[in-house]
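Structure file target-v9.cif; described as mmCIF, N, CA and C atoms.
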data_run
loop_
_atom_site.label_atom_id
_atom_site.label_comp_id
_atom_site.auth_asym_id
_atom_site.auth_seq_id
_atom_site.Cartn_x
_atom_site.Cartn_y
_atom_site.Cartn_z
N MET Q 1 47.55 31.86 100.57
CA MET Q 1 48.64 32.53 99.88
C MET Q 1 48.47 32.34 98.37
N GLU Q 2 48.50 33.45 97.67
CA GLU Q 2 48.34 33.41 96.22
C GLU Q 2 49.69 33.12 95.56
N VAL Q 3 49.69 32.19 94.63
CA VAL Q 3 50.90 31.86 93.89
C VAL Q 3 50.78 32.46 92.50
N LYS Q 4 51.74 33.27 92.12
CA LYS Q 4 51.74 33.86 90.79
C LYS Q 4 52.62 33.04 89.87
N GLU Q 5 52.13 32.86 88.68
CA GLU Q 5 52.91 32.15 87.67
C GLU Q 5 53.22 33.11 86.54
N TYR Q 6 54.40 32.97 85.98
CA TYR Q 6 54.84 33.86 84.92
C TYR Q 6 55.27 33.06 83.71
N MET Q 7 55.17 33.69 82.55
CA MET Q 7 55.60 33.07 81.31
C MET Q 7 56.34 34.12 80.49
N MET Q 8 57.46 33.75 79.95
CA MET Q 8 58.24 34.65 79.10
C MET Q 8 57.78 34.41 77.66
N LEU Q 9 57.49 35.48 76.94
CA LEU Q 9 57.02 35.36 75.57
C LEU Q 9 57.90 36.18 74.64
N THR Q 10 57.94 35.76 73.40
CA THR Q 10 58.60 36.53 72.36
C THR Q 10 57.52 37.02 71.42
N LEU Q 11 57.55 38.30 71.10
CA LEU Q 11 56.54 38.91 70.26
C LEU Q 11 57.22 39.45 69.01
N ASP Q 12 56.73 39.06 67.85
CA ASP Q 12 57.24 39.59 66.59
C ASP Q 12 56.62 40.97 66.39
N LEU Q 13 57.41 42.01 66.56
CA LEU Q 13 56.90 43.38 66.49
C LEU Q 13 56.34 43.74 65.13
N HIS Q 14 56.91 43.18 64.07
CA HIS Q 14 56.40 43.47 62.72
C HIS Q 14 55.00 42.86 62.54
N VAL Q 15 54.80 41.67 62.99
CA VAL Q 15 53.47 41.04 62.90
C VAL Q 15 52.47 41.81 63.76
N PHE Q 16 52.87 42.18 64.96
CA PHE Q 16 51.98 42.93 65.85
C PHE Q 16 51.63 44.28 65.25
N GLY Q 17 52.62 44.98 64.70
CA GLY Q 17 52.39 46.28 64.07
C GLY Q 17 51.45 46.18 62.88
N LYS Q 18 51.63 45.17 62.06
CA LYS Q 18 50.75 44.97 60.90
C LYS Q 18 49.33 44.65 61.35
N ASN Q 19 49.19 43.89 62.43
CA ASN Q 19 47.86 43.59 62.96
C ASN Q 19 47.17 44.84 63.48
N LEU Q 20 47.92 45.74 64.09
CA LEU Q 20 47.34 47.01 64.53
C LEU Q 20 46.78 47.79 63.35
N ARG Q 21 47.49 47.79 62.24
CA ARG Q 21 47.02 48.50 61.04
C ARG Q 21 45.74 47.90 60.49
N ARG Q 22 45.59 46.59 60.60
CA ARG Q 22 44.40 45.92 60.06
C ARG Q 22 43.13 46.20 60.83
N ARG Q 23 43.26 46.71 62.01
CA ARG Q 23 42.08 46.99 62.84
C ARG Q 23 41.32 48.23 62.39
N TYR Q 24 41.91 49.02 61.52
CA TYR Q 24 41.30 50.23 60.98
C TYR Q 24 40.99 51.26 62.06
N ARG Q 25 41.73 51.24 63.14
CA ARG Q 25 41.63 52.27 64.17
C ARG Q 25 42.76 53.25 63.94
N ARG Q 26 42.50 54.49 64.24
CA ARG Q 26 43.55 55.49 64.05
C ARG Q 26 44.39 55.67 65.30
N TRP Q 27 43.81 55.47 66.48
CA TRP Q 27 44.49 55.72 67.75
C TRP Q 27 44.52 54.46 68.59
N ILE Q 28 45.56 54.30 69.38
CA ILE Q 28 45.65 53.19 70.33
C ILE Q 28 46.18 53.75 71.65
N LYS Q 29 45.57 53.35 72.73
CA LYS Q 29 45.99 53.82 74.06
C LYS Q 29 46.85 52.76 74.73
N VAL Q 30 47.79 53.22 75.52
CA VAL Q 30 48.68 52.31 76.25
C VAL Q 30 47.85 51.36 77.10
N LYS Q 31 46.83 51.87 77.78
CA LYS Q 31 46.03 51.02 78.66
C LYS Q 31 45.25 49.95 77.87
N ASP Q 32 44.89 50.24 76.60
CA ASP Q 32 44.19 49.24 75.78
C ASP Q 32 45.11 48.08 75.43
N ILE Q 33 46.35 48.40 75.09
CA ILE Q 33 47.34 47.34 74.79
C ILE Q 33 47.63 46.54 76.05
N ALA Q 34 47.77 47.22 77.17
CA ALA Q 34 48.05 46.54 78.44
C ALA Q 34 46.92 45.56 78.78
N ARG Q 35 45.69 46.01 78.64
CA ARG Q 35 44.53 45.17 78.96
C ARG Q 35 44.44 43.98 77.99
N GLU Q 36 44.63 44.26 76.72
CA GLU Q 36 44.51 43.22 75.69
C GLU Q 36 45.55 42.12 75.86
N LEU Q 37 46.77 42.50 76.20
CA LEU Q 37 47.86 41.52 76.31
C LEU Q 37 48.06 41.01 77.73
N GLY Q 38 47.39 41.62 78.70
CA GLY Q 38 47.55 41.20 80.08
C GLY Q 38 48.91 41.56 80.65
N ILE Q 39 49.39 42.73 80.27
CA ILE Q 39 50.69 43.19 80.74
C ILE Q 39 50.51 44.53 81.47
N SER Q 40 51.55 45.00 82.11
CA SER Q 40 51.47 46.27 82.83
C SER Q 40 51.46 47.42 81.83
N PRO Q 41 50.89 48.56 82.22
CA PRO Q 41 50.95 49.74 81.35
C PRO Q 41 52.39 50.15 81.02
N LYS Q 42 53.30 49.95 81.95
CA LYS Q 42 54.71 50.27 81.68
C LYS Q 42 55.26 49.41 80.54
N SER Q 43 54.96 48.11 80.57
CA SER Q 43 55.41 47.21 79.51
C SER Q 43 54.72 47.55 78.19
N ALA Q 44 53.45 47.90 78.26
CA ALA Q 44 52.71 48.29 77.05
C ALA Q 44 53.32 49.55 76.44
N GLY Q 45 53.73 50.49 77.29
CA GLY Q 45 54.39 51.70 76.80
C GLY Q 45 55.70 51.39 76.11
N LYS Q 46 56.45 50.46 76.67
CA LYS Q 46 57.71 50.04 76.04
C LYS Q 46 57.45 49.37 74.69
N LEU Q 47 56.40 48.57 74.62
CA LEU Q 47 56.03 47.91 73.37
C LEU Q 47 55.67 48.94 72.31
N LEU Q 48 54.86 49.92 72.67
CA LEU Q 48 54.48 50.95 71.71
C LEU Q 48 55.68 51.83 71.32
N ALA Q 49 56.59 52.06 72.24
CA ALA Q 49 57.80 52.82 71.90
C ALA Q 49 58.65 52.05 70.87
N ALA Q 50 58.71 50.74 71.03
CA ALA Q 50 59.45 49.91 70.06
C ALA Q 50 58.75 49.95 68.70
N LEU Q 51 57.41 49.91 68.70
CA LEU Q 51 56.67 50.00 67.45
C LEU Q 51 56.85 51.37 66.80
N GLU Q 52 57.03 52.40 67.61
CA GLU Q 52 57.28 53.73 67.08
C GLU Q 52 58.64 53.77 66.37
N ARG Q 53 59.64 53.16 66.97
CA ARG Q 53 60.97 53.12 66.34
C ARG Q 53 60.92 52.38 65.00
N LEU Q 54 60.00 51.42 64.87
CA LEU Q 54 59.87 50.66 63.62
C LEU Q 54 58.94 51.34 62.61
N GLY Q 55 58.29 52.43 63.02
CA GLY Q 55 57.46 53.19 62.09
C GLY Q 55 56.00 52.77 62.03
N TYR Q 56 55.53 51.95 62.93
CA TYR Q 56 54.13 51.50 62.91
C TYR Q 56 53.19 52.48 63.61
N VAL Q 57 53.70 53.20 64.58
CA VAL Q 57 52.89 54.16 65.33
C VAL Q 57 53.73 55.42 65.57
N SER Q 58 53.05 56.50 65.94
CA SER Q 58 53.76 57.70 66.37
C SER Q 58 53.07 58.20 67.64
N ARG Q 59 53.88 58.63 68.59
CA ARG Q 59 53.36 59.05 69.89
C ARG Q 59 52.73 60.43 69.78
N ARG Q 60 51.52 60.56 70.32
CA ARG Q 60 50.83 61.85 70.37
C ARG Q 60 50.85 62.42 71.78
N THR Q 61 50.67 61.57 72.78
CA THR Q 61 50.83 61.94 74.19
C THR Q 61 51.53 60.77 74.86
N ASN Q 62 51.76 60.86 76.16
CA ASN Q 62 52.40 59.75 76.87
C ASN Q 62 51.55 58.49 76.85
N MET Q 63 50.25 58.63 76.67
CA MET Q 63 49.35 57.48 76.77
C MET Q 63 48.64 57.13 75.47
N VAL Q 64 48.81 57.94 74.41
CA VAL Q 64 48.09 57.71 73.16
C VAL Q 64 49.07 57.73 71.98
N TYR Q 65 48.91 56.75 71.10
CA TYR Q 65 49.72 56.64 69.90
C TYR Q 65 48.81 56.62 68.68
N GLU Q 66 49.29 57.22 67.60
CA GLU Q 66 48.56 57.20 66.33
C GLU Q 66 49.12 56.05 65.49
N ILE Q 67 48.24 55.23 64.95
CA ILE Q 67 48.67 54.12 64.10
C ILE Q 67 48.92 54.68 62.69
N LYS Q 68 50.09 54.42 62.14
CA LYS Q 68 50.45 54.88 60.80
C LYS Q 68 50.01 53.84 59.79
N PHE Q 69 49.40 54.32 58.72
CA PHE Q 69 48.95 53.41 57.65
C PHE Q 69 49.79 53.55 56.42
#
Please express the file's structure as structure tokens.
Amino acid sequence: MEVKEYMMLTLDLHVFGKNLRRRYRRWIKVKDIARELGISPKSAGKLLAALERLGYVSRRTNMVYEIKF
């Protein structure tokens, strides 16, 4: 039987958004954020939607966001 362990984290969206800008990439995919952070694509989509409300990204499709510089 596999035992899953979970951890609750707090993420500073401003720091995360600024780090996205420093990567010099123009586009970010939901699945890339999900893979990088080890979270579900649904959670990654919510994270990117929050970053959009703060002005760090803008949604181009359901799965792709443009990073604003």
Result set of the PyMOL selection byres ((chain Q and resi 53-57) around 6) on the coordinates above, as a PyMOL selection string: chain Q and resi 17+49-52+58-59+65-68
Let me see the file: selected residues, N, CA and C atoms, as a PDB file, in the frame of the given file.
ATOM      1  N   GLY Q  17      52.620  44.980  64.700  1.00  0.00           N
ATOM      2  CA  GLY Q  17      52.390  46.280  64.070  1.00  0.00           C
ATOM      3  C   GLY Q  17      51.450  46.180  62.880  1.00  0.00           C
ATOM      4  N   ALA Q  49      56.590  52.060  72.240  1.00  0.00           N
ATOM      5  CA  ALA Q  49      57.800  52.820  71.900  1.00  0.00           C
ATOM      6  C   ALA Q  49      58.650  52.050  70.870  1.00  0.00           C
ATOM      7  N   ALA Q  50      58.710  50.740  71.030  1.00  0.00           N
ATOM      8  CA  ALA Q  50      59.450  49.910  70.060  1.00  0.00           C
ATOM      9  C   ALA Q  50      58.750  49.950  68.700  1.00  0.00           C
ATOM     10  N   LEU Q  51      57.410  49.910  68.700  1.00  0.00           N
ATOM     11  CA  LEU Q  51      56.670  50.000  67.450  1.00  0.00           C
ATOM     12  C   LEU Q  51      56.850  51.370  66.800  1.00  0.00           C
ATOM     13  N   GLU Q  52      57.030  52.400  67.610  1.00  0.00           N
ATOM     14  CA  GLU Q  52      57.280  53.730  67.080  1.00  0.00           C
ATOM     15  C   GLU Q  52      58.640  53.770  66.370  1.00  0.00           C
ATOM     16  N   SER Q  58      53.050  56.500  65.940  1.00  0.00           N
ATOM     17  CA  SER Q  58      53.760  57.700  66.370  1.00  0.00           C
ATOM     18  C   SER Q  58      53.070  58.200  67.640  1.00  0.00           C
ATOM     19  N   ARG Q  59      53.880  58.630  68.590  1.00  0.00           N
ATOM     20  CA  ARG Q  59      53.360  59.050  69.890  1.00  0.00           C
ATOM     21  C   ARG Q  59      52.730  60.430  69.780  1.00  0.00           C
ATOM     22  N   TYR Q  65      48.910  56.750  71.100  1.00  0.00           N
ATOM     23  CA  TYR Q  65      49.720  56.640  69.900  1.00  0.00           C
ATOM     24  C   TYR Q  65      48.810  56.620  68.680  1.00  0.00           C
ATOM     25  N   GLU Q  66      49.290  57.220  67.600  1.00  0.00           N
ATOM     26  CA  GLU Q  66      48.560  57.200  66.330  1.00  0.00           C
ATOM     27  C   GLU Q  66      49.120  56.050  65.490  1.00  0.00           C
ATOM     28  N   ILE Q  67      48.240  55.230  64.950  1.00  0.00           N
ATOM     29  CA  ILE Q  67      48.670  54.120  64.100  1.00  0.00           C
ATOM     30  C   ILE Q  67      48.920  54.680  62.690  1.00  0.00           C
ATOM     31  N   LYS Q  68      50.090  54.420  62.140  1.00  0.00           N
ATOM     32  CA  LYS Q  68      50.450  54.880  60.800  1.00  0.00           C
ATOM     33  C   LYS Q  68      50.010  53.840  59.790  1.00  0.00           C
TER      34      LYS Q  68
END
d(CA of Ala34 (chain Q), CA of Leu20 (chain Q)) in Å: 13.9 Å
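Residues of chain Q that DSSP places in strand (DSSP E), based on the backbone of this structure, are Trp27, Ile28, Lys29, Val57, Ser58, Arg59, Val64, Tyr65, Glu66 and Ile67 of chain Q.
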Selection under test: the PyMOL selection byres ((chain Q and resi 45) around 8); residues as a ChimeraX atom specification: /Q:29-31,33-34,39-44,46-51,62-63
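For Met7 (chain Q), the set of protein, DNA and RNA residues having any atom at most 12 Å away, when counting only C-alpha atoms and skipping those fewer than 3 positions along the same chain, is Lys4, Thr10, Gly38 and Ile39 of chain Q.
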